[in-house]
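Data block for upload_17.pdb (PDB, C-alpha atoms and all ligand atoms):
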MODEL        1
ATOM      1  CA  MET A   7      67.653-118.832  77.376
ATOM      2  CA  ASN A   8      66.476-115.292  76.542
ATOM      3  CA  LYS A   9      69.679-114.200  74.820
ATOM      4  CA  GLN A  10      69.886-117.290  72.652
ATOM      5  CA  PRO A  11      69.225-116.833  68.940
ATOM      6  CA  ILE A  12      66.090-117.655  66.953
ATOM      7  CA  GLY A  13      66.758-120.237  64.220
ATOM      8  CA  PHE A  14      65.383-120.058  60.671
ATOM      9  CA  LEU A  15      65.666-122.622  57.900
ATOM     10  CA  ASP A  16      64.742-122.631  54.235
ATOM     11  CA  SER A  17      65.719-124.328  50.977
ATOM     12  CA  GLY A  18      67.599-121.138  50.032
ATOM     13  CA  VAL A  19      67.139-117.385  50.302
ATOM     14  CA  GLY A  20      63.321-117.482  50.642
ATOM     15  CA  GLY A  21      63.300-117.600  54.432
ATOM     16  CA  LEU A  22      64.917-114.161  54.431
ATOM     17  CA  THR A  23      61.439-112.772  53.776
ATOM     18  CA  VAL A  24      60.406-114.126  57.198
ATOM     19  CA  VAL A  25      63.654-112.954  58.813
ATOM     20  CA  LYS A  26      62.979-109.453  57.514
ATOM     21  CA  GLU A  27      59.632-109.312  59.323
ATOM     22  CA  VAL A  28      61.087-110.750  62.547
ATOM     23  CA  MET A  29      63.956-108.240  62.475
ATOM     24  CA  LYS A  30      61.416-105.424  62.083
ATOM     25  CA  LEU A  31      59.232-106.606  64.958
ATOM     26  CA  LEU A  32      61.930-107.958  67.296
ATOM     27  CA  PRO A  33      65.112-105.964  66.623
ATOM     28  CA  ASP A  34      66.758-107.193  69.838
ATOM     29  CA  GLU A  35      66.722-110.818  68.794
ATOM     30  CA  GLU A  36      69.715-112.614  67.314
ATOM     31  CA  ILE A  37      69.121-114.599  64.128
ATOM     32  CA  TYR A  38      70.773-117.862  63.031
ATOM     33  CA  TYR A  39      69.770-118.907  59.514
ATOM     34  CA  ILE A  40      70.495-121.842  57.232
ATOM     35  CA  GLY A  41      69.535-121.805  53.543
ATOM     36  CA  ASP A  42      70.047-125.056  51.638
ATOM     37  CA  SER A  43      70.656-123.460  48.229
ATOM     38  CA  ALA A  44      72.807-126.392  47.019
ATOM     39  CA  ARG A  45      69.768-128.696  47.173
ATOM     40  CA  ASN A  46      67.261-126.052  46.059
ATOM     41  CA  PRO A  47      64.505-126.316  44.896
ATOM     42  CA  TYR A  48      62.678-128.419  47.472
ATOM     43  CA  GLY A  49      59.321-127.908  45.710
ATOM     44  CA  PRO A  50      59.546-130.714  43.128
ATOM     45  CA  ARG A  51      61.181-133.238  45.504
ATOM     46  CA  PRO A  52      59.348-136.068  47.263
ATOM     47  CA  LEU A  53      58.266-134.865  50.727
ATOM     48  CA  SER A  54      60.324-137.704  52.276
ATOM     49  CA  ASP A  55      63.516-136.045  50.913
ATOM     50  CA  VAL A  56      62.364-132.636  52.117
ATOM     51  CA  LEU A  57      61.763-134.122  55.577
ATOM     52  CA  GLU A  58      65.248-135.654  55.646
ATOM     53  CA  PHE A  59      66.941-132.383  54.604
ATOM     54  CA  THR A  60      64.833-130.291  56.989
ATOM     55  CA  ILE A  61      65.796-132.511  59.949
ATOM     56  CA  GLN A  62      69.483-131.953  59.081
ATOM     57  CA  LEU A  63      69.070-128.173  58.931
ATOM     58  CA  ALA A  64      67.069-128.119  62.175
ATOM     59  CA  ASN A  65      69.645-130.213  64.054
ATOM     60  CA  LEU A  66      72.463-127.929  62.908
ATOM     61  CA  LEU A  67      70.624-124.922  64.351
ATOM     62  CA  VAL A  68      69.646-126.764  67.544
ATOM     63  CA  ASP A  69      73.323-127.643  68.130
ATOM     64  CA  GLN A  70      74.083-123.921  67.927
ATOM     65  CA  GLY A  71      71.732-123.294  70.855
ATOM     66  CA  ILE A  72      68.665-121.683  69.278
ATOM     67  CA  LYS A  73      65.693-121.044  71.603
ATOM     68  CA  LEU A  74      62.966-121.320  68.928
ATOM     69  CA  LEU A  75      62.895-122.684  65.375
ATOM     70  CA  VAL A  76      61.020-121.090  62.485
ATOM     71  CA  ILE A  77      60.545-123.382  59.485
ATOM     72  CA  ALA A  78      60.659-120.424  57.092
ATOM     73  CA  CYS A  79      59.692-122.571  54.109
ATOM     74  CA  ASN A  80      56.197-123.722  53.190
ATOM     75  CA  THR A  81      57.333-126.958  51.557
ATOM     76  CA  ALA A  82      59.415-127.877  54.611
ATOM     77  CA  THR A  83      56.491-126.914  56.870
ATOM     78  CA  VAL A  84      54.292-129.409  54.994
ATOM     79  CA  ALA A  85      56.984-132.099  55.200
ATOM     80  CA  ALA A  86      58.419-131.641  58.667
ATOM     81  CA  LEU A  87      56.455-129.395  61.047
ATOM     82  CA  GLU A  88      54.745-132.166  63.018
ATOM     83  CA  VAL A  89      57.858-134.352  63.188
ATOM     84  CA  LEU A  90      60.050-131.508  64.439
ATOM     85  CA  GLN A  91      57.451-130.335  66.947
ATOM     86  CA  GLN A  92      57.463-133.846  68.408
ATOM     87  CA  ARG A  93      61.226-134.319  68.324
ATOM     88  CA  LEU A  94      62.604-130.994  69.522
ATOM     89  CA  ASP A  95      62.499-129.557  73.036
ATOM     90  CA  ILE A  96      62.136-125.989  71.758
ATOM     91  CA  PRO A  97      59.060-124.355  70.159
ATOM     92  CA  VAL A  98      58.819-124.965  66.393
ATOM     93  CA  ILE A  99      56.750-122.639  64.186
ATOM     94  CA  GLY A 100      55.841-123.129  60.518
ATOM     95  CA  VAL A 101      54.488-120.588  58.033
ATOM     96  CA  ILE A 102      51.265-122.157  56.769
ATOM     97  CA  GLU A 103      49.056-121.634  59.821
ATOM     98  CA  SER A 104      49.921-117.933  59.975
ATOM     99  CA  GLY A 105      49.451-117.472  56.210
ATOM    100  CA  THR A 106      46.046-119.122  56.478
ATOM    101  CA  ARG A 107      44.941-116.905  59.377
ATOM    102  CA  ALA A 108      46.003-113.745  57.559
ATOM    103  CA  ALA A 109      44.210-114.781  54.350
ATOM    104  CA  VAL A 110      40.966-115.618  56.123
ATOM    105  CA  ALA A 111      41.061-112.320  58.020
ATOM    106  CA  SER A 112      41.653-110.390  54.804
ATOM    107  CA  SER A 113      39.116-111.888  52.396
ATOM    108  CA  GLN A 114      35.724-110.163  52.082
ATOM    109  CA  ASN A 115      34.236-112.330  49.327
ATOM    110  CA  LYS A 116      35.712-115.645  50.611
ATOM    111  CA  LYS A 117      37.412-116.290  47.263
ATOM    112  CA  ILE A 118      41.045-116.958  48.083
ATOM    113  CA  GLY A 119      43.944-117.899  45.808
ATOM    114  CA  VAL A 120      47.093-119.714  46.884
ATOM    115  CA  ILE A 121      50.376-119.950  45.005
ATOM    116  CA  GLY A 122      53.254-122.168  46.104
ATOM    117  CA  THR A 123      55.665-124.898  45.072
ATOM    118  CA  GLN A 124      54.449-128.202  43.616
ATOM    119  CA  GLY A 125      55.000-129.886  47.008
ATOM    120  CA  THR A 126      52.924-127.339  48.902
ATOM    121  CA  ILE A 127      50.121-127.172  46.335
ATOM    122  CA  GLN A 128      49.889-130.968  45.929
ATOM    123  CA  SER A 129      49.641-131.373  49.709
ATOM    124  CA  ASN A 130      46.514-129.160  49.675
ATOM    125  CA  GLU A 131      47.556-127.954  53.127
ATOM    126  CA  TYR A 132      46.490-124.315  52.631
ATOM    127  CA  GLU A 133      43.110-125.284  51.257
ATOM    128  CA  LYS A 134      42.503-127.700  54.144
ATOM    129  CA  GLN A 135      43.467-125.113  56.748
ATOM    130  CA  ILE A 136      41.504-122.288  55.084
ATOM    131  CA  LEU A 137      38.359-124.453  54.921
ATOM    132  CA  LYS A 138      38.732-125.298  58.619
ATOM    133  CA  LEU A 139      38.466-121.596  59.472
ATOM    134  CA  LEU A 140      36.058-120.574  56.721
ATOM    135  CA  GLU A 141      34.081-123.556  55.525
ATOM    136  CA  ASP A 142      32.322-121.861  52.596
ATOM    137  CA  ALA A 143      35.529-120.353  51.185
ATOM    138  CA  GLU A 144      36.414-120.975  47.535
ATOM    139  CA  VAL A 145      40.109-121.736  47.202
ATOM    140  CA  GLN A 146      42.066-121.861  43.942
ATOM    141  CA  SER A 147      45.600-123.213  44.308
ATOM    142  CA  VAL A 148      48.257-122.913  41.603
ATOM    143  CA  ALA A 149      51.883-124.114  41.605
ATOM    144  CA  CYS A 150      54.387-121.596  40.230
ATOM    145  CA  PRO A 151      57.551-123.704  39.973
ATOM    146  CA  GLN A 152      59.645-121.161  38.065
ATOM    147  CA  PHE A 153      59.450-118.374  40.652
ATOM    148  CA  VAL A 154      61.944-119.989  43.033
ATOM    149  CA  SER A 155      64.802-120.256  40.537
ATOM    150  CA  ILE A 156      64.262-116.633  39.437
ATOM    151  CA  VAL A 157      64.696-115.548  43.046
ATOM    152  CA  GLU A 158      67.662-117.848  43.776
ATOM    153  CA  LYS A 159      69.410-116.512  40.656
ATOM    154  CA  HIS A 160      68.837-112.927  41.796
ATOM    155  CA  GLN A 161      66.730-112.205  38.685
ATOM    156  CA  TYR A 162      63.696-110.967  40.620
ATOM    157  CA  GLU A 163      64.059-107.414  39.353
ATOM    158  CA  ASP A 164      64.741-108.351  35.728
ATOM    159  CA  GLU A 165      62.345-108.070  32.772
ATOM    160  CA  LEU A 166      62.418-111.871  32.609
ATOM    161  CA  ALA A 167      60.710-112.008  36.019
ATOM    162  CA  LYS A 168      57.729-110.057  34.641
ATOM    163  CA  SER A 169      57.156-112.462  31.763
ATOM    164  CA  VAL A 170      57.542-115.540  33.976
ATOM    165  CA  VAL A 171      55.087-114.086  36.502
ATOM    166  CA  SER A 172      52.476-113.354  33.781
ATOM    167  CA  LYS A 173      52.830-116.852  32.349
ATOM    168  CA  GLU A 174      52.625-118.735  35.651
ATOM    169  CA  LEU A 175      49.654-116.707  36.919
ATOM    170  CA  GLU A 176      47.559-117.292  33.783
ATOM    171  CA  PRO A 177      45.366-119.944  35.526
ATOM    172  CA  PHE A 178      43.879-117.082  37.594
ATOM    173  CA  LEU A 179      42.525-115.338  34.489
ATOM    174  CA  GLY A 180      38.901-114.381  35.172
ATOM    175  CA  SER A 181      39.219-115.203  38.878
ATOM    176  CA  GLU A 182      37.164-113.159  41.344
ATOM    177  CA  MET A 183      39.470-113.775  44.296
ATOM    178  CA  ASP A 184      40.164-110.761  46.485
ATOM    179  CA  THR A 185      43.080-112.307  48.386
ATOM    180  CA  LEU A 186      46.118-114.284  47.234
ATOM    181  CA  VAL A 187      48.483-116.098  49.589
ATOM    182  CA  LEU A 188      52.159-116.046  48.652
ATOM    183  CA  GLY A 189      52.510-119.646  49.837
ATOM    184  CA  CYS A 190      56.253-119.921  49.252
ATOM    185  CA  THR A 191      58.713-117.801  51.180
ATOM    186  CA  HIS A 192      60.640-116.977  47.994
ATOM    187  CA  TYR A 193      57.622-115.232  46.454
ATOM    188  CA  PRO A 194      57.555-111.977  48.470
ATOM    189  CA  LEU A 195      60.700-111.009  46.556
ATOM    190  CA  LEU A 196      58.434-110.928  43.475
ATOM    191  CA  GLN A 197      55.608-109.194  45.351
ATOM    192  CA  SER A 198      55.630-105.889  43.443
ATOM    193  CA  ILE A 199      55.618-107.664  40.049
ATOM    194  CA  ILE A 200      52.769-109.938  41.197
ATOM    195  CA  GLN A 201      50.843-106.921  42.541
ATOM    196  CA  ASP A 202      51.321-105.055  39.229
ATOM    197  CA  TYR A 203      50.033-108.087  37.337
ATOM    198  CA  PHE A 204      46.776-108.271  39.328
ATOM    199  CA  GLY A 205      46.319-104.576  40.175
ATOM    200  CA  GLU A 206      45.695-102.915  43.528
ATOM    201  CA  ASN A 207      42.301-104.535  44.230
ATOM    202  CA  LEU A 208      43.870-107.861  45.131
ATOM    203  CA  THR A 209      45.354-108.239  48.621
ATOM    204  CA  LEU A 210      48.585-110.230  48.682
ATOM    205  CA  ILE A 211      49.336-112.147  51.871
ATOM    206  CA  ASP A 212      52.952-112.553  52.925
ATOM    207  CA  PRO A 213      52.790-115.215  55.680
ATOM    208  CA  GLY A 214      56.082-113.852  57.061
ATOM    209  CA  VAL A 215      54.280-110.864  58.589
ATOM    210  CA  GLU A 216      51.888-113.022  60.627
ATOM    211  CA  THR A 217      54.665-115.532  61.431
ATOM    212  CA  ALA A 218      56.734-112.765  63.028
ATOM    213  CA  ILE A 219      53.767-111.918  65.274
ATOM    214  CA  GLN A 220      53.473-115.597  66.201
ATOM    215  CA  VAL A 221      57.186-115.700  67.086
ATOM    216  CA  GLN A 222      56.695-112.661  69.306
ATOM    217  CA  ASN A 223      53.643-114.199  71.006
ATOM    218  CA  VAL A 224      55.334-117.533  71.716
ATOM    219  CA  LEU A 225      58.510-115.942  73.078
ATOM    220  CA  SER A 226      56.604-113.453  75.177
ATOM    221  CA  LYS A 227      54.299-116.121  76.644
ATOM    222  CA  LYS A 228      57.315-118.227  77.639
ATOM    223  CA  ASP A 229      59.131-115.121  78.881
ATOM    224  CA  MET A 230      61.911-115.817  76.377
ATOM    225  CA  LEU A 231      62.166-112.459  74.587
ATOM    226  CA  ASN A 232      65.646-110.945  74.570
ATOM    227  CA  LYS A 233      65.403-107.891  76.778
ATOM    228  CA  ALA A 234      69.017-106.856  76.279
ATOM    229  CA  THR A 235      68.677-103.892  73.940
ATOM    230  CA  GLU A 236      72.339-102.928  74.385
ATOM    231  CA  GLY A 237      75.288-104.386  72.474
ATOM    232  CA  SER A 238      75.615-105.513  68.893
ATOM    233  CA  LYS A 239      73.794-108.584  67.641
ATOM    234  CA  GLN A 240      75.678-111.504  66.161
ATOM    235  CA  HIS A 241      73.467-112.727  63.348
ATOM    236  CA  ILE A 242      74.832-115.790  61.550
ATOM    237  CA  PHE A 243      73.794-116.920  58.067
ATOM    238  CA  TYR A 244      74.809-120.298  56.617
ATOM    239  CA  THR A 245      74.255-121.476  53.076
ATOM    240  CA  SER A 246      75.082-124.752  51.369
ATOM    241  CA  GLY A 247      75.433-122.754  48.131
ATOM    242  CA  PRO A 248      77.951-120.033  47.236
ATOM    243  CA  ALA A 249      78.304-117.580  50.161
ATOM    244  CA  ASP A 250      78.859-114.500  47.960
ATOM    245  CA  LYS A 251      75.626-115.053  46.030
ATOM    246  CA  PHE A 252      73.620-115.503  49.221
ATOM    247  CA  GLU A 253      75.246-112.462  50.812
ATOM    248  CA  LYS A 254      74.341-110.235  47.881
ATOM    249  CA  ILE A 255      70.668-111.170  48.024
ATOM    250  CA  ALA A 256      70.568-110.991  51.841
ATOM    251  CA  LYS A 257      72.114-107.511  51.942
ATOM    252  CA  HIS A 258      69.782-106.294  49.231
ATOM    253  CA  TRP A 259      66.610-107.791  50.680
ATOM    254  CA  LEU A 260      67.299-107.056  54.351
ATOM    255  CA  LYS A 261      68.761-103.636  53.510
ATOM    256  CA  ARG A 262      71.694-104.239  55.852
ATOM    257  CA  SER A 263      75.399-104.165  55.230
ATOM    258  CA  ASP A 264      76.382-106.192  58.328
ATOM    259  CA  ILE A 265      75.500-109.598  56.857
ATOM    260  CA  GLN A 266      78.164-112.277  57.231
ATOM    261  CA  VAL A 267      77.561-115.528  55.378
ATOM    262  CA  GLN A 268      79.353-118.832  55.918
ATOM    263  CA  HIS A 269      79.331-121.713  53.451
ATOM    264  CA  ILE A 270      78.518-125.164  54.771
ATOM    265  CA  ALA A 271      78.870-128.160  52.448
ATOM    266  CA  VAL A 272      76.033-130.621  51.907
ATOM    267  CA  GLU A 273      78.309-133.443  53.173
ATOM    268  CA  GLU A 274      78.609-131.509  56.427
ATOM    269  CA  LEU A 275      74.818-131.062  56.646
ATOM    270  CA  GLN A 276      74.301-134.783  56.127
ATOM    271  CA  LYS A 277      76.131-135.434  59.400
ATOM    272  CA  TYR A 278      73.229-133.788  61.225
ATOM    273  CA  GLY A 279      70.757-136.392  59.951
ATOM    274  CA  ARG A 280      70.238-138.054  63.317
TER     275      ARG A 280
HETATM  276  N1  LIG A 301      60.895-121.322  50.023
HETATM  277  C1  LIG A 301      60.285-122.578  49.966
HETATM  278  C2  LIG A 301      58.817-122.573  50.269
HETATM  279  O1  LIG A 301      58.365-121.702  50.966
HETATM  280  C3  LIG A 301      60.688-123.605  48.971
HETATM  281  C4  LIG A 301      61.171-123.230  47.636
HETATM  282  C5  LIG A 301      61.756-124.440  46.935
HETATM  283  O2  LIG A 301      62.866-124.813  47.316
HETATM  284  O3  LIG A 301      61.125-125.019  46.049
HETATM  285  O4  LIG A 301      58.097-123.445  49.876
ENDMDL
END
Here is the file; what I need is its structure written in the form of structure tokens.
Ligand code: DGL
Amino acid sequence: MNKQPIGFLDSGVGGLTVVKEVMKLLPDEEIYYIGDSARNPYGPRPLSDVLEFTIQLANLLVDQGIKLLVIACNTATVAALEVLQQRLDIPVIGVIESGTRAAVASSQNKKIGVIGTQGTIQSNEYEKQILKLLEDAEVQSVACPQFVSIVEKHQYEDELAKSVVSKELEPFLGSEMDTLVLGCTHYPLLQSIIQDYFGENLTLIDPGVETAIQVQNVLSKKDMLNKATEGSKQHIFYTSGPADKFEKIAKHWLKRSDIQVQHIAVEELQKYGR
């Protein structure tokens, strides 16, 4: 079991922000990833659709022999974490619990902001989990629906990204929050623009960092960490969108040239809907 890969799924390239943290912390682990860019964005979809798609992506990875699954998407975590934890025989980790823990640990004044997709924000999942750990916290949650398409289109370094970020973050004007959770895995690609907008006094939480620690803890507890430091790793990336577009963003974000991406059609994914 130890040499088997860790699986990651997302609606597109966003989960790469979690992969990046896992690669940093656990460089001996092999990564299998599926990004459903053809059906992106998941944020505005009914959670029942997101659940259906997430089950397909998870089954594809399970059939490839992964030893642990990371739902590297907040919207899919809301829609499918409990179902997949019940259905699968391997450990399944989402990103919301770790993002919550990191935010609560970071905030001094207990005023915490959350940004995410419509699905995540409407579910109120972050607020519920934050209040469980810190009952007198003040949480302001804002959906930023345009961020995901900017990232998927590889426009996250363009001038356009700056104006979209300023517009979507306007609801926080006058806010006294000291901590903001990037509650969508696509958003860390916009992290420096978001940080510039708010200034250095605001702490941004990338749940990927804490999720990587959780992956390490679970694997270590079950004695499932890959101890084979020798030999090259065979990471595999699938996308239901164009492979070249995904590869460009993955190479740029992960700062690696050895990224191989394979296209998988939506019709193929639908066969995993058992
Ligand atoms: N990256 C995803 C998330 O963390 C979803 C983005 C989307 O497809 O709307 O919520």
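For Trp259 in chain A, the non-local neighbours within 9 Å, defined as residues at least 3 positions apart in the same chain or in other chains and counting all atoms listed in the file, are Leu22, Thr23, Lys26, Leu195, Lys254, Ile255, Ala256 and Arg262 of chain A.
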Hits of the PyMOL selection byres (((not hetatm)) within 6 of (chain A and resi 301)) in this structure, as a list in words
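After applying the PyMOL selection byres (((not hetatm)) within 6 of (chain A and resi 301)), what remains is Asp16, Ser17, Gly20, Asn46, Pro47, Tyr48, Gly49, Cys79, Asn80, Thr81, Thr123, Val154, Cys190, Thr191 and His192 of chain A.
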For Tyr244 in chain A: contacts at 8 Å, only C-alpha atoms, fewer than 4 positions along chain excluded, given as a PDB file with C-alpha atoms, in the coordinates of the input:
ATOM      1  CA  TYR A  38      70.773-117.862  63.031  1.00  0.00           C
ATOM      2  CA  TYR A  39      69.770-118.907  59.514  1.00  0.00           C
ATOM      3  CA  ILE A  40      70.495-121.842  57.232  1.00  0.00           C
ATOM      4  CA  GLY A  41      69.535-121.805  53.543  1.00  0.00           C
ATOM      5  CA  ALA A 249      78.304-117.580  50.161  1.00  0.00           C
ATOM      6  CA  VAL A 267      77.561-115.528  55.378  1.00  0.00           C
ATOM      7  CA  GLN A 268      79.353-118.832  55.918  1.00  0.00           C
ATOM      8  CA  HIS A 269      79.331-121.713  53.451  1.00  0.00           C
ATOM      9  CA  ILE A 270      78.518-125.164  54.771  1.00  0.00           C
TER      10      ILE A 270
END
What do you get, as a ChimeraX atom specification, if you spell out every residue that the PyMOL selection byres (((chain A and resi 182) around 9) and not hetatm) selects here?
/A:115,117-118,178-181,183-184
Please enumerate the residues selected by the PyMOL selection byres (((chain A and resi 170) around 12) and not hetatm) when evaluated against the supplied file, formatted as number ranges by chain.
A: 150-157, 161-169, 171-176, 196, 199-200, 203
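Candidate residues A:Lys138, A:Lys251, A:Lys227, A:Arg107 were compared for distance to Glu158 in chain A, and the nearest is A:Lys251, using only C-alpha atoms.
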Non-local contacts of range 110-114 of chain A (8 Å; only C-alpha atoms; under 5 positions in same chain excluded) as a PyMOL selection string:
chain A and resi 136+139-140+184-185+209
Nearest candidate to Ala234 in chain A (options A:Leu15, A:Ile127, A:Ala108, A:Leu32; using all atoms listed in the file):
A:Leu32
Find the residues near range 69-75 of chain A: any atom within 9 Å, counting only C-alpha atoms, skip ones fewer than 5 places away on the same chain, and give them as a list in words.
Met7, Asn8, Lys9, Gln10, Pro11, Ile12, Gly13, Phe14, Leu15, Ile37, Tyr38, Ala64, Ile96, Pro97, Val98, Ile99, Gly100, Val221, Val224, Leu225 and Met230 of chain A
Residue among A:Gln240, A:Ser246, A:Thr60, A:Gln146 lying closest to Pro33 in chain A, counting all atoms listed in the file:
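Among A:Gln240, A:Ser246, A:Thr60, A:Gln146, it is A:Gln240 that comes nearest to Pro33 in chain A.
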Have a look at CA of Val89 in chain A and CA of Ile242 in chain A and let me know their distance in Å, one decimal.
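Separation between CA of Val89 in chain A and CA of Ile242 in chain A: 25.2 Å.
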In file coordinates, which residues lie within 8 Å of (52.1, -112.2, 51.8) using all atoms listed in the file, given as an MDAnalysis selection string?
chainID A and resid 105 186:189 194 197 210:215
What separation in Å, quoted to one decimal, exists between CA of Ser104 in chain A and CA of Glu144 in chain A?
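Taking CA of Ser104 in chain A as the start and CA of Glu144 in chain A as the end point, the length is 18.6 Å.
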Would you mind reading off the distance between CA of Gly21 in chain A and CA of Val120 in chain A, one decimal, in Å?
18.0 Å
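Proximity to Leu87 in chain A was assessed for A:Glu131, A:Asp250, A:Ile219, A:His160 counting only C-alpha atoms; the smallest distance is recorded for A:Glu131.
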Find the residues around Tyr278 in chain A up to 9 Å (all atoms listed in the file counted), leave out those fewer than 4 positions away in its own chain, and share them as a list in words.
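Residues meeting the cut-off are Ile61, Gln62, Leu63, Ala64, Asn65, Leu66 and Glu274 of chain A.
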Pick from A:Val148, A:Ile102, A:Val56, A:Ala44: nearest to Gln135 in chain A, with all atoms listed in the file counted?
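Looking only at the distances to Gln135 in chain A, the closest residue turns out to be A:Ile102.
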